[in-house]
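Structure below is start_4.pdb: PDB, N, CA, C and O atoms.
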ATOM      1  N   MET T 822     104.791  47.564 172.667
ATOM      2  CA  MET T 822     105.555  46.701 171.791
ATOM      3  C   MET T 822     104.620  46.133 170.715
ATOM      4  O   MET T 822     103.471  45.839 170.961
ATOM      5  N   ALA T 823     105.147  45.980 169.516
ATOM      6  CA  ALA T 823     104.343  45.476 168.403
ATOM      7  C   ALA T 823     103.960  44.019 168.627
ATOM      8  O   ALA T 823     104.700  43.240 169.213
ATOM      9  N   GLU T 824     102.777  43.688 168.140
ATOM     10  CA  GLU T 824     102.280  42.319 168.230
ATOM     11  C   GLU T 824     103.075  41.421 167.278
ATOM     12  O   GLU T 824     103.454  41.832 166.188
ATOM     13  N   GLU T 825     103.350  40.199 167.698
ATOM     14  CA  GLU T 825     104.066  39.242 166.855
ATOM     15  C   GLU T 825     103.253  38.962 165.593
ATOM     16  O   GLU T 825     102.046  38.804 165.646
ATOM     17  N   LEU T 826     103.943  38.906 164.453
ATOM     18  CA  LEU T 826     103.261  38.639 163.198
ATOM     19  C   LEU T 826     102.925  37.161 163.093
ATOM     20  O   LEU T 826     103.792  36.306 163.123
ATOM     21  N   SER T 827     101.654  36.875 162.997
ATOM     22  CA  SER T 827     101.164  35.506 162.882
ATOM     23  C   SER T 827      99.853  35.570 162.109
ATOM     24  O   SER T 827      99.275  36.643 161.962
ATOM     25  N   PRO T 828      99.367  34.442 161.617
ATOM     26  CA  PRO T 828      98.064  34.469 160.950
ATOM     27  C   PRO T 828      96.962  35.049 161.840
ATOM     28  O   PRO T 828      96.112  35.807 161.371
ATOM     29  N   ALA T 829      96.995  34.733 163.112
ATOM     30  CA  ALA T 829      95.972  35.257 164.031
ATOM     31  C   ALA T 829      96.095  36.774 164.178
ATOM     32  O   ALA T 829      95.085  37.482 164.209
ATOM     33  N   ALA T 830      97.328  37.286 164.239
ATOM     34  CA  ALA T 830      97.537  38.734 164.358
ATOM     35  C   ALA T 830      97.061  39.448 163.095
ATOM     36  O   ALA T 830      96.467  40.527 163.169
ATOM     37  N   ILE T 831      97.306  38.855 161.942
ATOM     38  CA  ILE T 831      96.858  39.436 160.678
ATOM     39  C   ILE T 831      95.335  39.470 160.631
ATOM     40  O   ILE T 831      94.729  40.468 160.228
ATOM     41  N   PHE T 832      94.689  38.419 161.074
ATOM     42  CA  PHE T 832      93.230  38.372 161.122
ATOM     43  C   PHE T 832      92.690  39.464 162.048
ATOM     44  O   PHE T 832      91.738  40.173 161.707
ATOM     45  N   ARG T 833      93.302  39.614 163.237
ATOM     46  CA  ARG T 833      92.850  40.653 164.181
ATOM     47  C   ARG T 833      93.015  42.050 163.585
ATOM     48  O   ARG T 833      92.143  42.899 163.726
ATOM     49  N   ALA T 834      94.136  42.277 162.891
ATOM     50  CA  ALA T 834      94.360  43.583 162.260
ATOM     51  C   ALA T 834      93.300  43.844 161.202
ATOM     52  O   ALA T 834      92.751  44.946 161.116
ATOM     53  N   GLY T 835      92.999  42.857 160.393
ATOM     54  CA  GLY T 835      91.970  43.006 159.372
ATOM     55  C   GLY T 835      90.614  43.311 159.972
ATOM     56  O   GLY T 835      89.855  44.136 159.439
ATOM     57  N   THR T 836      90.314  42.675 161.070
ATOM     58  CA  THR T 836      89.036  42.915 161.752
ATOM     59  C   THR T 836      88.973  44.353 162.264
ATOM     60  O   THR T 836      87.955  45.027 162.115
ATOM     61  N   ARG T 837      90.068  44.845 162.870
ATOM     62  CA  ARG T 837      90.106  46.227 163.365
ATOM     63  C   ARG T 837      89.944  47.226 162.230
ATOM     64  O   ARG T 837      89.292  48.259 162.382
ATOM     65  N   LEU T 838      90.547  46.946 161.085
ATOM     66  CA  LEU T 838      90.565  47.897 159.979
ATOM     67  C   LEU T 838      89.304  47.891 159.127
ATOM     68  O   LEU T 838      89.076  48.817 158.357
ATOM     69  N   ARG T 839      88.501  46.882 159.263
ATOM     70  CA  ARG T 839      87.337  46.705 158.386
ATOM     71  C   ARG T 839      86.464  47.961 158.301
ATOM     72  O   ARG T 839      85.963  48.304 157.243
ATOM     73  N   GLN T 840      86.260  48.653 159.402
ATOM     74  CA  GLN T 840      85.405  49.843 159.414
ATOM     75  C   GLN T 840      86.154  51.135 159.108
ATOM     76  O   GLN T 840      85.547  52.198 159.019
ATOM     77  N   VAL T 841      87.481  51.042 158.951
ATOM     78  CA  VAL T 841      88.297  52.244 158.802
ATOM     79  C   VAL T 841      88.800  52.443 157.373
ATOM     80  O   VAL T 841      88.825  53.564 156.875
ATOM     81  N   VAL T 842      89.215  51.375 156.733
ATOM     82  CA  VAL T 842      89.808  51.502 155.399
ATOM     83  C   VAL T 842      88.853  51.018 154.316
ATOM     84  O   VAL T 842      87.920  50.262 154.576
ATOM     85  N   ARG T 843      89.102  51.466 153.122
ATOM     86  CA  ARG T 843      88.304  51.058 151.964
ATOM     87  C   ARG T 843      89.018  49.936 151.225
ATOM     88  O   ARG T 843      90.239  49.896 151.173
ATOM     89  N   ARG T 844      88.256  49.069 150.602
ATOM     90  CA  ARG T 844      88.839  48.096 149.673
ATOM     91  C   ARG T 844      89.141  48.869 148.401
ATOM     92  O   ARG T 844      88.271  49.548 147.861
ATOM     93  N   THR T 845      90.368  48.808 147.952
ATOM     94  CA  THR T 845      90.767  49.567 146.777
ATOM     95  C   THR T 845      91.069  48.621 145.617
ATOM     96  O   THR T 845      91.521  47.498 145.832
ATOM     97  N   PRO T 846      90.830  49.087 144.395
ATOM     98  CA  PRO T 846      90.987  48.207 143.234
ATOM     99  C   PRO T 846      92.434  48.076 142.767
ATOM    100  O   PRO T 846      93.294  48.881 143.112
ATOM    101  N   LEU T 847      92.664  47.044 141.978
ATOM    102  CA  LEU T 847      93.893  46.924 141.196
ATOM    103  C   LEU T 847      93.599  47.563 139.851
ATOM    104  O   LEU T 847      92.543  47.344 139.270
ATOM    105  N   GLU T 848      94.526  48.368 139.368
ATOM    106  CA  GLU T 848      94.323  49.039 138.096
ATOM    107  C   GLU T 848      95.482  48.685 137.163
ATOM    108  O   GLU T 848      96.649  48.816 137.535
ATOM    109  N   THR T 849      95.162  48.250 135.964
ATOM    110  CA  THR T 849      96.190  47.879 134.993
ATOM    111  C   THR T 849      96.809  49.126 134.383
ATOM    112  O   THR T 849      96.114  50.058 133.989
ATOM    113  N   SER T 850      98.135  49.135 134.314
ATOM    114  CA  SER T 850      98.867  50.213 133.657
ATOM    115  C   SER T 850      99.083  49.810 132.201
ATOM    116  O   SER T 850      99.882  48.916 131.911
ATOM    117  N   GLY T 851      98.371  50.463 131.309
ATOM    118  CA  GLY T 851      98.501  50.162 129.894
ATOM    119  C   GLY T 851      99.910  50.421 129.375
ATOM    120  O   GLY T 851     100.466  49.628 128.611
ATOM    121  N   ARG T 852     100.507  51.515 129.808
ATOM    122  CA  ARG T 852     101.843  51.875 129.339
ATOM    123  C   ARG T 852     102.884  50.861 129.776
ATOM    124  O   ARG T 852     103.650  50.344 128.958
ATOM    125  N   LEU T 853     102.921  50.546 131.071
ATOM    126  CA  LEU T 853     103.926  49.597 131.552
ATOM    127  C   LEU T 853     103.663  48.186 131.046
ATOM    128  O   LEU T 853     104.597  47.447 130.740
ATOM    129  N   THR T 854     102.410  47.819 130.943
ATOM    130  CA  THR T 854     102.079  46.507 130.392
ATOM    131  C   THR T 854     102.595  46.403 128.958
ATOM    132  O   THR T 854     103.190  45.394 128.574
ATOM    133  N   GLY T 855     102.397  47.459 128.175
ATOM    134  CA  GLY T 855     102.875  47.475 126.798
ATOM    135  C   GLY T 855     104.390  47.441 126.702
ATOM    136  O   GLY T 855     104.965  46.731 125.875
ATOM    137  N   GLU T 856     105.064  48.197 127.563
ATOM    138  CA  GLU T 856     106.529  48.251 127.531
ATOM    139  C   GLU T 856     107.172  46.945 127.977
ATOM    140  O   GLU T 856     108.183  46.525 127.424
ATOM    141  N   LEU T 857     106.593  46.318 128.983
ATOM    142  CA  LEU T 857     107.212  45.123 129.567
ATOM    143  C   LEU T 857     106.684  43.817 128.984
ATOM    144  O   LEU T 857     107.288  42.766 129.157
ATOM    145  N   GLY T 858     105.540  43.875 128.346
ATOM    146  CA  GLY T 858     104.976  42.670 127.756
ATOM    147  C   GLY T 858     104.339  41.716 128.746
ATOM    148  O   GLY T 858     104.059  40.565 128.424
ATOM    149  N   VAL T 859     104.113  42.187 129.959
ATOM    150  CA  VAL T 859     103.428  41.400 130.992
ATOM    151  C   VAL T 859     102.437  42.328 131.691
ATOM    152  O   VAL T 859     102.640  43.541 131.732
ATOM    153  N   PRO T 860     101.358  41.782 132.224
ATOM    154  CA  PRO T 860     100.394  42.651 132.919
ATOM    155  C   PRO T 860     101.031  43.311 134.149
ATOM    156  O   PRO T 860     101.651  42.644 134.974
ATOM    157  N   VAL T 861     100.895  44.622 134.233
ATOM    158  CA  VAL T 861     101.377  45.376 135.396
ATOM    159  C   VAL T 861     100.162  46.043 136.018
ATOM    160  O   VAL T 861      99.441  46.785 135.350
ATOM    161  N   ARG T 862      99.946  45.760 137.296
ATOM    162  CA  ARG T 862      98.785  46.325 137.989
ATOM    163  C   ARG T 862      99.243  47.071 139.237
ATOM    164  O   ARG T 862     100.186  46.666 139.895
ATOM    165  N   PHE T 863      98.553  48.141 139.517
ATOM    166  CA  PHE T 863      98.831  48.936 140.707
ATOM    167  C   PHE T 863      97.669  48.815 141.678
ATOM    168  O   PHE T 863      96.507  48.857 141.281
ATOM    169  N   LYS T 864      97.984  48.695 142.958
ATOM    170  CA  LYS T 864      96.978  48.700 144.015
ATOM    171  C   LYS T 864      96.729  50.151 144.369
ATOM    172  O   LYS T 864      97.639  50.870 144.770
ATOM    173  N   ARG T 865      95.499  50.617 144.211
ATOM    174  CA  ARG T 865      95.169  52.031 144.346
ATOM    175  C   ARG T 865      94.944  52.457 145.797
ATOM    176  O   ARG T 865      93.871  52.886 146.185
ATOM    177  N   GLU T 866      95.987  52.388 146.598
ATOM    178  CA  GLU T 866      95.879  52.807 147.999
ATOM    179  C   GLU T 866      95.731  54.315 148.123
ATOM    180  O   GLU T 866      95.360  54.818 149.176
ATOM    181  N   ASP T 867      96.003  55.055 147.045
ATOM    182  CA  ASP T 867      95.804  56.497 147.080
ATOM    183  C   ASP T 867      94.322  56.865 147.127
ATOM    184  O   ASP T 867      93.974  58.030 147.284
ATOM    185  N   MET T 868      93.455  55.863 147.046
ATOM    186  CA  MET T 868      92.017  56.112 147.128
ATOM    187  C   MET T 868      91.497  56.016 148.574
ATOM    188  O   MET T 868      90.311  56.198 148.816
ATOM    189  N   GLN T 869      92.392  55.746 149.521
ATOM    190  CA  GLN T 869      91.997  55.751 150.933
ATOM    191  C   GLN T 869      91.621  57.175 151.334
ATOM    192  O   GLN T 869      92.033  58.149 150.690
ATOM    193  N   VAL T 870      90.874  57.326 152.393
ATOM    194  CA  VAL T 870      90.449  58.643 152.860
ATOM    195  C   VAL T 870      91.656  59.548 153.089
ATOM    196  O   VAL T 870      91.647  60.718 152.733
ATOM    197  N   CYS T 871      92.740  59.002 153.658
ATOM    198  CA  CYS T 871      93.928  59.821 153.923
ATOM    199  C   CYS T 871      94.912  59.787 152.756
ATOM    200  O   CYS T 871      96.014  60.298 152.856
ATOM    201  N   ARG T 872      94.540  59.162 151.640
ATOM    202  CA  ARG T 872      95.341  59.084 150.420
ATOM    203  C   ARG T 872      96.652  58.339 150.600
ATOM    204  O   ARG T 872      97.642  58.644 149.984
ATOM    205  N   SER T 873      96.655  57.345 151.466
ATOM    206  CA  SER T 873      97.905  56.645 151.734
ATOM    207  C   SER T 873      97.643  55.241 152.247
ATOM    208  O   SER T 873      96.634  54.971 152.868
ATOM    209  N   TYR T 874      98.605  54.357 151.997
ATOM    210  CA  TYR T 874      98.543  53.008 152.543
ATOM    211  C   TYR T 874      98.900  53.021 154.023
ATOM    212  O   TYR T 874      98.668  52.081 154.744
ATOM    213  N   LYS T 875      99.496  54.084 154.509
ATOM    214  CA  LYS T 875     100.007  54.158 155.874
ATOM    215  C   LYS T 875      98.916  54.063 156.932
ATOM    216  O   LYS T 875      99.206  53.748 158.079
ATOM    217  N   VAL T 876      97.681  54.321 156.558
ATOM    218  CA  VAL T 876      96.592  54.253 157.534
ATOM    219  C   VAL T 876      96.520  52.879 158.170
ATOM    220  O   VAL T 876      96.224  52.744 159.353
ATOM    221  N   ARG T 877      96.827  51.823 157.436
ATOM    222  CA  ARG T 877      96.730  50.468 157.967
ATOM    223  C   ARG T 877      97.708  50.255 159.118
ATOM    224  O   ARG T 877      97.327  49.820 160.203
ATOM    225  N   GLY T 878      98.962  50.562 158.894
ATOM    226  CA  GLY T 878      99.968  50.368 159.932
ATOM    227  C   GLY T 878      99.779  51.300 161.115
ATOM    228  O   GLY T 878      99.875  50.903 162.265
ATOM    229  N   ALA T 879      99.477  52.555 160.822
ATOM    230  CA  ALA T 879      99.304  53.529 161.891
ATOM    231  C   ALA T 879      98.109  53.189 162.774
ATOM    232  O   ALA T 879      98.194  53.239 164.002
ATOM    233  N   TYR T 880      97.004  52.836 162.158
ATOM    234  CA  TYR T 880      95.803  52.513 162.935
ATOM    235  C   TYR T 880      96.026  51.298 163.814
ATOM    236  O   TYR T 880      95.618  51.278 164.966
ATOM    237  N   ASN T 881      96.711  50.292 163.297
ATOM    238  CA  ASN T 881      96.970  49.090 164.098
ATOM    239  C   ASN T 881      97.971  49.372 165.211
ATOM    240  O   ASN T 881      97.890  48.780 166.278
ATOM    241  N   LEU T 882      98.918  50.283 164.977
ATOM    242  CA  LEU T 882      99.881  50.626 166.020
ATOM    243  C   LEU T 882      99.203  51.331 167.175
ATOM    244  O   LEU T 882      99.474  51.073 168.336
ATOM    245  N   ILE T 883      98.276  52.228 166.847
ATOM    246  CA  ILE T 883      97.551  52.991 167.878
ATOM    247  C   ILE T 883      96.700  52.024 168.673
ATOM    248  O   ILE T 883      96.608  52.015 169.841
TER     249      ILE T 883
END
What is this structure when it is put down as structure tokens?
Amino acid sequence: MAEELSPAAIFRAGTRLRQVVRRTPLETSGRLTGELGVPVRFKREDMQVCRSYKVRGAYNLI
């Protein structure tokens, strides 16, 4: 069964993932920023080793 979501659970998940996932940058989209008139940034989770944000949830589930 999944662990209850709490600040302590989030901290434990972060500790488990520290050696597994990379810190990825925020990247500004020039096109969308220009079209919308507000800064639009993307979190580059595609830079993870498995090219997906899913590694975080899957690793914590295992």
Suppose you want the space between atom C of Leu882 of chain T and atom C of Glu866 of chain T; what is it in Å?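 Computing it gives 19.6 Å between the two atoms.
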Please write as a ChimeraX atom specification the full residue list that the PyMOL selection byres (((chain T and resi 842 and name CA) around 10) and name CA) yields on this file. /T:835,837-841,843-845,866,868-871,874,876-877,880
Point-to-point distance from atom N of Thr854 of chain T to atom C of Lys875 of chain T, Å rounded to tenths: 27.0 Å
Could you give me, as a VMD selection string, the residues that have an atom at most 7 Å away from the point (97.6, 43.5, 138.1) in the coordinates of the file, using only N, CA, C and O atoms? chain T and resid 847 to 850 860 to 863
Provide the atom CA of Pro846 of chain T to atom CA of Asp867 of chain T distance in Å, to one decimal place. 10.3 Å
Would you please give, as a ChimeraX atom specification, all residues of chain T that DSSP assigns to alpha helix (DSSP H) based on the backbone? /T:828-838,851-857,875-882
When DSSP works through the backbone of this structure, what residues of chain T end up as strand (DSSP E or B), shown as a list in words?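 Checking each residue of chain T, the strand (DSSP E or B) ones are Leu847, Glu848, Thr849, Arg862, Phe863 and Lys864 of chain T.
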